[in-house]
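Enquirer: Next up, my_file-v8.txt (compact mmCIF, C-alpha atoms and all ligand atoms).
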```txt
# COMPACT_ATOMS: atom_id res chain seq x y z
CA MET A 1 -62.02 -184.05 46.70
CA ASP A 2 -63.85 -180.99 45.42
CA SER A 3 -63.34 -179.57 41.96
CA THR A 4 -60.91 -176.90 43.17
CA MET A 5 -58.67 -179.58 44.63
CA GLU A 6 -58.85 -181.54 41.42
CA ARG A 7 -57.79 -178.54 39.42
CA ALA A 8 -55.03 -177.83 41.88
CA GLY A 9 -53.94 -181.44 41.50
CA ASN A 10 -52.72 -180.58 38.02
CA PHE A 11 -49.97 -178.66 39.69
CA LEU A 12 -49.11 -181.12 42.40
CA PRO A 13 -45.44 -180.46 42.68
CA ARG A 14 -43.03 -183.24 42.05
CA VAL A 15 -40.75 -184.27 44.86
CA ASP A 16 -37.46 -182.66 44.09
CA ASP A 17 -34.91 -185.42 44.14
CA SER A 18 -32.16 -182.82 44.00
CA ALA A 19 -33.47 -180.92 47.02
CA ALA A 20 -30.48 -180.69 49.25
CA SER A 21 -30.21 -181.41 52.93
CA SER A 22 -31.05 -178.52 55.22
CA ASN A 23 -27.41 -177.58 55.78
CA ALA A 24 -27.22 -176.55 52.13
CA VAL A 25 -29.91 -173.97 52.81
CA ASP A 26 -28.56 -170.44 53.19
CA ARG A 27 -28.45 -169.63 56.89
CA ARG A 28 -30.40 -166.44 56.19
CA VAL A 29 -33.42 -168.60 55.51
CA VAL A 30 -34.14 -168.18 59.22
CA THR A 31 -37.73 -169.40 58.92
CA LEU A 32 -36.13 -172.79 58.42
CA THR A 33 -32.71 -172.59 60.02
CA ALA A 34 -33.71 -170.64 63.16
CA PRO A 35 -37.51 -170.73 63.44
CA ALA A 36 -37.44 -169.49 67.04
CA SER A 37 -35.32 -166.42 66.24
CA ALA A 38 -36.56 -162.84 66.33
CA ALA A 39 -35.84 -162.55 62.60
CA ALA A 40 -38.05 -165.56 61.81
CA GLU A 41 -40.76 -163.99 63.95
CA GLN A 42 -40.58 -160.86 61.79
CA TYR A 43 -41.26 -162.85 58.65
CA ARG A 44 -44.23 -164.46 60.33
CA THR A 45 -45.43 -160.98 61.33
CA LEU A 46 -45.04 -159.84 57.73
CA TYR A 47 -47.07 -162.83 56.61
CA TYR A 48 -49.88 -162.17 59.09
CA ARG A 49 -50.04 -158.55 58.00
CA LEU A 50 -50.64 -159.78 54.47
CA GLU A 51 -53.29 -162.10 55.87
CA ARG A 52 -55.04 -159.17 57.49
CA MET A 53 -54.92 -157.26 54.20
CA ARG A 54 -56.45 -160.32 52.56
CA GLU A 55 -59.47 -159.86 54.78
CA GLN A 56 -60.02 -156.52 53.03
CA ARG A 57 -59.44 -157.75 49.51
CA PRO A 58 -58.23 -160.92 47.80
CA MET A 59 -54.49 -160.99 47.28
CA LYS A 60 -53.37 -164.24 45.76
CA VAL A 61 -50.31 -163.23 43.78
CA VAL A 62 -47.90 -161.12 45.80
CA ALA A 63 -44.63 -159.94 44.28
CA LEU A 64 -41.51 -158.56 45.90
CA THR A 65 -39.25 -156.03 44.29
CA SER A 66 -36.74 -153.38 45.34
CA ALA A 67 -35.25 -150.31 43.75
CA MET A 68 -31.79 -151.81 43.33
CA PRO A 69 -30.19 -155.26 43.30
CA GLY A 70 -28.98 -156.72 46.59
CA GLU A 71 -31.62 -155.22 48.85
CA GLY A 72 -32.92 -158.55 50.07
CA LYS A 73 -35.79 -159.51 47.74
CA THR A 74 -34.77 -163.13 47.51
CA VAL A 75 -34.08 -163.64 51.21
CA THR A 76 -37.42 -161.98 52.02
CA SER A 77 -39.39 -163.90 49.35
CA VAL A 78 -38.02 -167.25 50.48
CA ASN A 79 -38.67 -166.58 54.17
CA LEU A 80 -42.12 -165.18 53.50
CA ALA A 81 -43.16 -168.15 51.35
CA LEU A 82 -41.84 -170.61 53.95
CA ALA A 83 -43.64 -168.71 56.72
CA ALA A 84 -46.83 -168.94 54.62
CA ALA A 85 -46.38 -172.69 54.06
CA ARG A 86 -45.90 -173.26 57.78
CA ALA A 87 -48.75 -171.02 58.87
CA ASN A 88 -51.30 -172.56 56.53
CA PRO A 89 -50.40 -176.15 55.70
CA GLU A 90 -53.76 -176.67 54.02
CA ARG A 91 -53.06 -173.98 51.44
CA ARG A 92 -51.09 -174.50 48.27
CA ILE A 93 -48.20 -172.05 48.36
CA LEU A 94 -45.94 -171.35 45.40
CA LEU A 95 -42.72 -169.36 45.23
CA VAL A 96 -41.71 -168.22 41.73
CA ASP A 97 -38.27 -166.87 40.88
CA ALA A 98 -38.99 -164.27 38.21
CA ASP A 99 -35.58 -162.63 38.49
CA LEU A 100 -34.39 -164.34 35.34
CA ARG A 101 -31.22 -162.30 35.27
CA ARG A 102 -30.01 -163.28 38.69
CA GLY A 103 -32.16 -166.15 39.86
CA GLN A 104 -31.10 -166.88 43.43
CA VAL A 105 -34.11 -168.68 44.89
CA ALA A 106 -32.85 -172.19 44.07
CA PRO A 107 -29.29 -171.63 45.36
CA THR A 108 -30.65 -169.94 48.52
CA LEU A 109 -32.78 -172.99 49.20
CA GLY A 110 -29.94 -175.35 48.35
CA MET A 111 -31.84 -176.66 45.32
CA ARG A 112 -30.30 -177.24 41.97
CA ASN A 113 -31.70 -174.78 39.44
CA LYS A 114 -32.26 -177.21 36.55
CA VAL A 115 -35.17 -176.02 34.41
CA GLY A 116 -37.38 -173.21 35.58
CA LEU A 117 -39.48 -170.24 34.55
CA ALA A 118 -37.13 -169.29 31.70
CA GLU A 119 -37.54 -172.67 30.00
CA LEU A 120 -41.27 -172.61 30.64
CA LEU A 121 -41.61 -169.18 29.03
CA ALA A 122 -39.44 -170.32 26.13
CA GLY A 123 -42.03 -173.02 25.51
CA GLU A 124 -39.50 -175.76 26.18
CA CYS A 125 -41.45 -177.38 28.98
CA ASP A 126 -44.70 -177.49 30.87
CA VAL A 127 -45.62 -176.06 34.29
CA ARG A 128 -45.54 -179.57 35.70
CA ASP A 129 -41.90 -179.96 34.67
CA VAL A 130 -40.73 -176.89 36.54
CA VAL A 131 -42.68 -176.99 39.82
CA ARG A 132 -40.75 -178.68 42.62
CA ARG A 133 -41.59 -179.32 46.19
CA PHE A 134 -39.03 -177.99 48.57
CA ASN A 135 -37.49 -180.56 50.88
CA SER A 136 -40.54 -182.31 52.28
CA THR A 137 -42.25 -178.99 53.07
CA ARG A 138 -45.54 -178.02 51.47
CA LEU A 139 -43.83 -175.20 49.61
CA ALA A 140 -43.78 -175.48 45.82
CA VAL A 141 -40.96 -173.69 44.06
CA ILE A 142 -40.36 -172.65 40.46
CA PRO A 143 -36.69 -171.70 40.01
CA ALA A 144 -35.57 -169.10 37.46
CA GLY A 145 -33.82 -171.52 35.11
CA ALA A 146 -31.13 -170.41 32.67
CA THR A 147 -30.86 -166.66 32.08
CA PRO A 148 -32.44 -165.83 28.70
CA GLU A 149 -31.01 -163.20 26.36
CA GLU A 150 -34.11 -161.04 26.48
CA SER A 151 -35.39 -161.22 30.02
CA THR A 152 -37.78 -158.28 29.66
CA GLN A 153 -39.30 -159.62 26.46
CA VAL A 154 -39.75 -163.05 27.98
CA LEU A 155 -41.45 -161.69 31.12
CA ALA A 156 -43.66 -159.36 29.06
CA SER A 157 -44.82 -162.23 26.85
CA ALA A 158 -48.29 -163.69 26.50
CA ARG A 159 -46.86 -166.94 27.89
CA MET A 160 -46.10 -165.17 31.17
CA LYS A 161 -49.73 -163.99 31.32
CA GLN A 162 -50.91 -167.54 30.67
CA PHE A 163 -48.53 -168.82 33.31
CA LEU A 164 -49.88 -166.40 35.94
CA LYS A 165 -53.42 -167.39 35.03
CA ALA A 166 -52.54 -171.07 35.43
CA VAL A 167 -50.86 -170.64 38.81
CA ARG A 168 -53.79 -168.57 40.03
CA GLU A 169 -55.94 -171.59 39.37
CA GLY A 170 -53.52 -174.12 40.77
CA PHE A 171 -52.40 -172.40 43.98
CA ASP A 172 -53.89 -170.47 46.87
CA GLU A 173 -50.96 -168.11 47.43
CA VAL A 174 -48.19 -167.22 45.01
CA TYR A 175 -45.07 -165.25 45.92
CA VAL A 176 -43.03 -163.82 43.04
CA ASP A 177 -39.42 -162.73 43.42
CA LEU A 178 -39.14 -159.94 40.83
CA PRO A 179 -36.06 -158.22 39.40
CA PRO A 180 -35.10 -154.82 40.83
CA THR A 181 -37.31 -151.97 39.62
CA LEU A 182 -34.90 -149.22 38.56
CA PRO A 183 -32.40 -150.92 36.27
CA PHE A 184 -34.95 -152.92 34.24
CA ALA A 185 -38.49 -152.61 32.89
CA ASP A 186 -39.40 -156.13 34.11
CA ALA A 187 -40.84 -155.23 37.50
CA ALA A 188 -42.89 -152.33 36.13
CA ILE A 189 -44.35 -154.58 33.44
CA LEU A 190 -45.15 -157.44 35.79
CA GLY A 191 -46.20 -155.25 38.71
CA HIS A 192 -49.55 -154.57 37.04
CA GLN A 193 -50.33 -158.27 36.88
CA MET A 194 -49.83 -158.79 40.61
CA ASP A 195 -52.51 -158.46 43.29
CA GLY A 196 -49.99 -156.86 45.60
CA VAL A 197 -46.41 -155.65 45.41
CA LEU A 198 -44.06 -155.35 48.37
CA MET A 199 -41.08 -153.02 48.10
CA VAL A 200 -38.00 -154.33 49.89
CA ILE A 201 -35.70 -151.56 51.09
CA ARG A 202 -32.22 -152.18 52.42
CA ALA A 203 -32.06 -150.26 55.69
CA ASN A 204 -29.44 -147.52 55.90
CA VAL A 205 -28.30 -148.22 52.36
CA THR A 206 -30.92 -147.26 49.82
CA PRO A 207 -31.51 -143.48 49.77
CA SER A 208 -35.16 -142.46 50.02
CA LYS A 209 -34.86 -140.64 46.69
CA VAL A 210 -34.04 -143.92 45.01
CA VAL A 211 -36.96 -145.67 46.73
CA ASN A 212 -39.27 -142.88 45.55
CA GLN A 213 -38.05 -143.29 41.97
CA ALA A 214 -38.79 -147.00 42.16
CA VAL A 215 -42.27 -146.32 43.53
CA GLU A 216 -42.90 -143.91 40.65
CA GLN A 217 -41.75 -146.48 38.16
CA LEU A 218 -44.28 -148.94 39.57
CA ALA A 219 -47.12 -146.44 39.13
CA GLY A 220 -50.38 -148.27 38.64
CA ALA A 221 -49.23 -151.44 40.42
CA ALA A 222 -50.91 -152.36 43.70
CA LEU A 223 -48.14 -151.38 46.08
CA VAL A 224 -49.30 -152.78 49.39
CA GLY A 225 -46.32 -152.22 51.63
CA CYS A 226 -42.63 -152.01 52.12
CA VAL A 227 -40.24 -154.26 53.97
CA LEU A 228 -37.30 -152.61 55.63
CA ASN A 229 -34.55 -155.17 55.39
CA GLY A 230 -31.85 -154.71 58.00
CA ALA A 231 -28.32 -155.39 56.87
CA GLU A 232 -27.45 -156.45 60.40
CA VAL A 233 -28.48 -159.87 61.58
CA ASN A 234 -30.51 -158.45 64.46
CA ALA A 235 -32.01 -155.68 62.37
CA THR A 236 -35.20 -157.32 61.22
CA PRO A 237 -37.55 -156.53 58.41
CA TYR A 238 -40.95 -155.09 59.03
CA LEU A 239 -43.88 -154.12 56.95
CA LYS A 240 -45.71 -150.90 57.07
CA ASN A 241 -48.70 -149.90 55.09
CA TYR A 242 -47.56 -147.87 52.17
CA VAL A 243 -50.77 -147.39 50.31
CA LYS A 244 -54.06 -148.01 51.99
CA LYS A 245 -56.37 -149.62 49.47
N1 LIG B 1 -31.63 -159.35 56.60
C1 LIG B 1 -30.44 -159.71 56.11
N2 LIG B 1 -29.40 -159.87 56.94
C2 LIG B 1 -28.20 -160.23 56.47
N3 LIG B 1 -27.91 -160.42 55.17
C3 LIG B 1 -28.90 -160.26 54.30
C4 LIG B 1 -30.22 -159.90 54.71
N4 LIG B 1 -31.01 -159.81 53.60
C5 LIG B 1 -30.19 -160.09 52.56
N5 LIG B 1 -28.95 -160.38 52.96
C6 LIG B 1 -27.81 -160.71 52.09
O1 LIG B 1 -27.65 -159.67 51.16
C7 LIG B 1 -27.40 -160.18 49.86
C8 LIG B 1 -28.50 -159.75 48.92
O2 LIG B 1 -29.74 -160.35 49.33
P1 LIG B 1 -30.75 -160.90 48.24
O3 LIG B 1 -31.96 -161.37 48.98
O4 LIG B 1 -30.09 -161.87 47.34
O5 LIG B 1 -31.06 -159.55 47.47
P2 LIG B 1 -31.84 -159.31 46.11
O6 LIG B 1 -32.67 -160.52 45.83
O7 LIG B 1 -32.68 -158.09 46.39
O8 LIG B 1 -30.80 -159.04 45.07
C9 LIG B 1 -27.30 -161.68 50.01
O9 LIG B 1 -25.95 -162.04 50.18
C10 LIG B 1 -28.09 -161.94 51.26
O10 LIG B 1 -27.71 -163.14 51.88
MG MG B 2 -32.62 -161.81 44.23
```
Written as structure tokens, how would this file's structure read?
Expert:
Amino acid sequence: MDSTMERAGNFLPRVDDSAASSNAVDRRVVTLTAPASAAAEQYRTLYYRLERMREQRPMKVVALTSAMPGEGKTVTSVNLALAAARANPERRILLVDADLRRGQVAPTLGMRNKVGLAELLAGECDVRDVVRRFNSTRLAVIPAGATPEESTQVLASARMKQFLKAVREGFDEVYVDLPPTLPFADAAILGHQMDGVLMVIRANVTPSKVVNQAVEQLAGAALVGCVLNGAEVNATPYLKNYVKK
């Protein structure tokens, strides 16, 4: 084992005893529930586009946000992280639910929330207590935990910076499910600390003016693309280059 592996070993996720059987997984987690579907293929395509961008520049921590709630950040984050874990089983992949207000990663995966990022940032527990392995896959997951009173303050804290530094050392790829950009300052604050930000846009729902406002709010963050999330089951997400870096 080389030294990198040893360091990474500090974050070896615990087996989640509460991880539910696969029928508790939301059916929209198509990467798992329907891996042969066209939708699952789109998430793999999204992942390989990120991989190609990684050839140009390192991009370890990738966050997903959207202008408004309900555009599909969580469904996209979960599918993307699972696609990553399948595509590169030798890499350590982590999915972090940073939407402390409406943490949906754990329920979407059929995992019990228990403690998560909120408790970690409150100083109540250690990274090792909150990282779980999802259902015998290689994917490590940090759920949101209990909604704190001051989500923005908590995410803007020095502890969050330390946390991101620690996961950068412990994992090869980190996907962060952020809160929506327009209603809260959270995404704008955290966006700067990410290597890449993907903007999820609900197709035929979110007006372009609203998307533009969100992009403006993220000014300075490394916006690397947008994902058009179709509301219809056969409308699939795709990524297009938004800003060429
Ligand atoms: N591509 C899709 N097709 C069908 N339903 C979707 C799709 N993406 C998201 N949804 C549904 O829309 C709702 C919002 O998605 P979610 O990922 O939780 O949004 P966000 O995290 O941006 O608030 C959820 O009920 C989710 O299951
Ligand atoms: Mg969400």
Enquirer: Please measure the separation of CA of Ala144 (chain A) and CA of Arg27 (chain A), giving the value in Å to one decimal.
Expert: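 Distance between the two atoms: 20.7 Å.
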Enquirer: Residues within 6 Å of region 154-161 of chain A, please, as an MDAnalysis selection string. Count all atoms listed in the file; anything in the same chain fewer than 3 positions from it doesn't count.
Expert: chainID A and resid 121 151 164
Enquirer: Could you write out that same residue set with C-alpha atoms as a CSV table (one decimal), keeping the file's coordinate frame?
Expert:
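What ended up in part08.csv:
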```
chain,number,residue,atom,x,y,z
A,121,LEU,CA,-41.6,-169.2,29.0
A,151,SER,CA,-35.4,-161.2,30.0
A,164,LEU,CA,-49.9,-166.4,35.9
```
Enquirer: Sorted by chain and rising residue number, which residues of chain A lie within 9 Å of ligand MG 2 (chain B), and what are their closest atom pairs and distances in Å to one decimal, counting only C-alpha atoms and all ligand atoms, as CSV?
Expert:
```
residue,atom,partner,partner_atom,distance
A:Thr65,CA,B:MG2,MG,8.8
A:Pro69,CA,B:MG2,MG,7.0
A:Gly70,CA,B:MG2,MG,6.7
A:Glu71,CA,B:MG2,MG,8.1
A:Gly72,CA,B:MG2,MG,6.7
A:Lys73,CA,B:MG2,MG,5.3
A:Thr74,CA,B:MG2,MG,4.1
A:Val75,CA,B:MG2,MG,7.4
A:Ser77,CA,B:MG2,MG,8.7
A:Asp97,CA,B:MG2,MG,8.3
A:Asp99,CA,B:MG2,MG,6.5
A:Arg102,CA,B:MG2,MG,6.3
A:Gly103,CA,B:MG2,MG,6.2
A:Gln104,CA,B:MG2,MG,5.4
A:Val105,CA,B:MG2,MG,7.1
A:Asp177,CA,B:MG2,MG,6.9
A:Leu178,CA,B:MG2,MG,7.6
A:Pro179,CA,B:MG2,MG,6.9
A:Pro180,CA,B:MG2,MG,8.2
```
Enquirer: Hey, which of A:Leu82, A:Val210, A:Val62, A:Ala106 ends up closest to ligand LIG 1 (chain B)? Count all atoms listed in the file.
Expert: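 With all atoms listed in the file as the atom set, the closest residue is A:Ala106.
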Enquirer: Taking all atoms listed in the file into account, which of A:Val78, A:Met194, A:Cys125, A:Ala24 comes nearest ligand LIG 1 (chain B)?
Expert: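 Once distances to ligand LIG 1 (chain B) are computed over all atoms listed in the file, the minimum belongs to A:Val78.
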Enquirer: Let me make sure I understand: among A:Ser208, A:Asn88, A:Asn135, A:Thr147, which one has the smallest atom-to-atom distance to Leu117 (chain A) if we use all atoms listed in the file?
Expert: A:Thr147
Enquirer: Using all atoms listed in the file, which residues sit within 9 Å of Val215 (chain A) once same-chain residues fewer than 5 positions away are excluded, as a list in words?
Expert: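 My reading of the contact set: Ala67, Thr181, Met199, Val210 and Leu223 of chain A.
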Enquirer: Using C-alpha atoms, can you write the selected residues to a file as an mmCIF file, in the frame of the given file?
Expert:
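Written out: part_31.cif:
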```cif
data_model
loop_
_atom_site.group_PDB
_atom_site.id
_atom_site.type_symbol
_atom_site.label_atom_id
_atom_site.label_comp_id
_atom_site.auth_asym_id
_atom_site.auth_seq_id
_atom_site.Cartn_x
_atom_site.Cartn_y
_atom_site.Cartn_z
ATOM 1 C CA ALA A 67 -35.250 -150.310 43.750
ATOM 2 C CA THR A 181 -37.310 -151.970 39.620
ATOM 3 C CA MET A 199 -41.080 -153.020 48.100
ATOM 4 C CA VAL A 210 -34.040 -143.920 45.010
ATOM 5 C CA LEU A 223 -48.140 -151.380 46.080
#
```
Enquirer: I need the residue nearest ligand LIG 1 (chain B) from this list: A:Ala219, A:Leu46, A:Met68, A:Leu100. Use only C-alpha atoms and all ligand atoms for the distance.
Expert: A:Met68
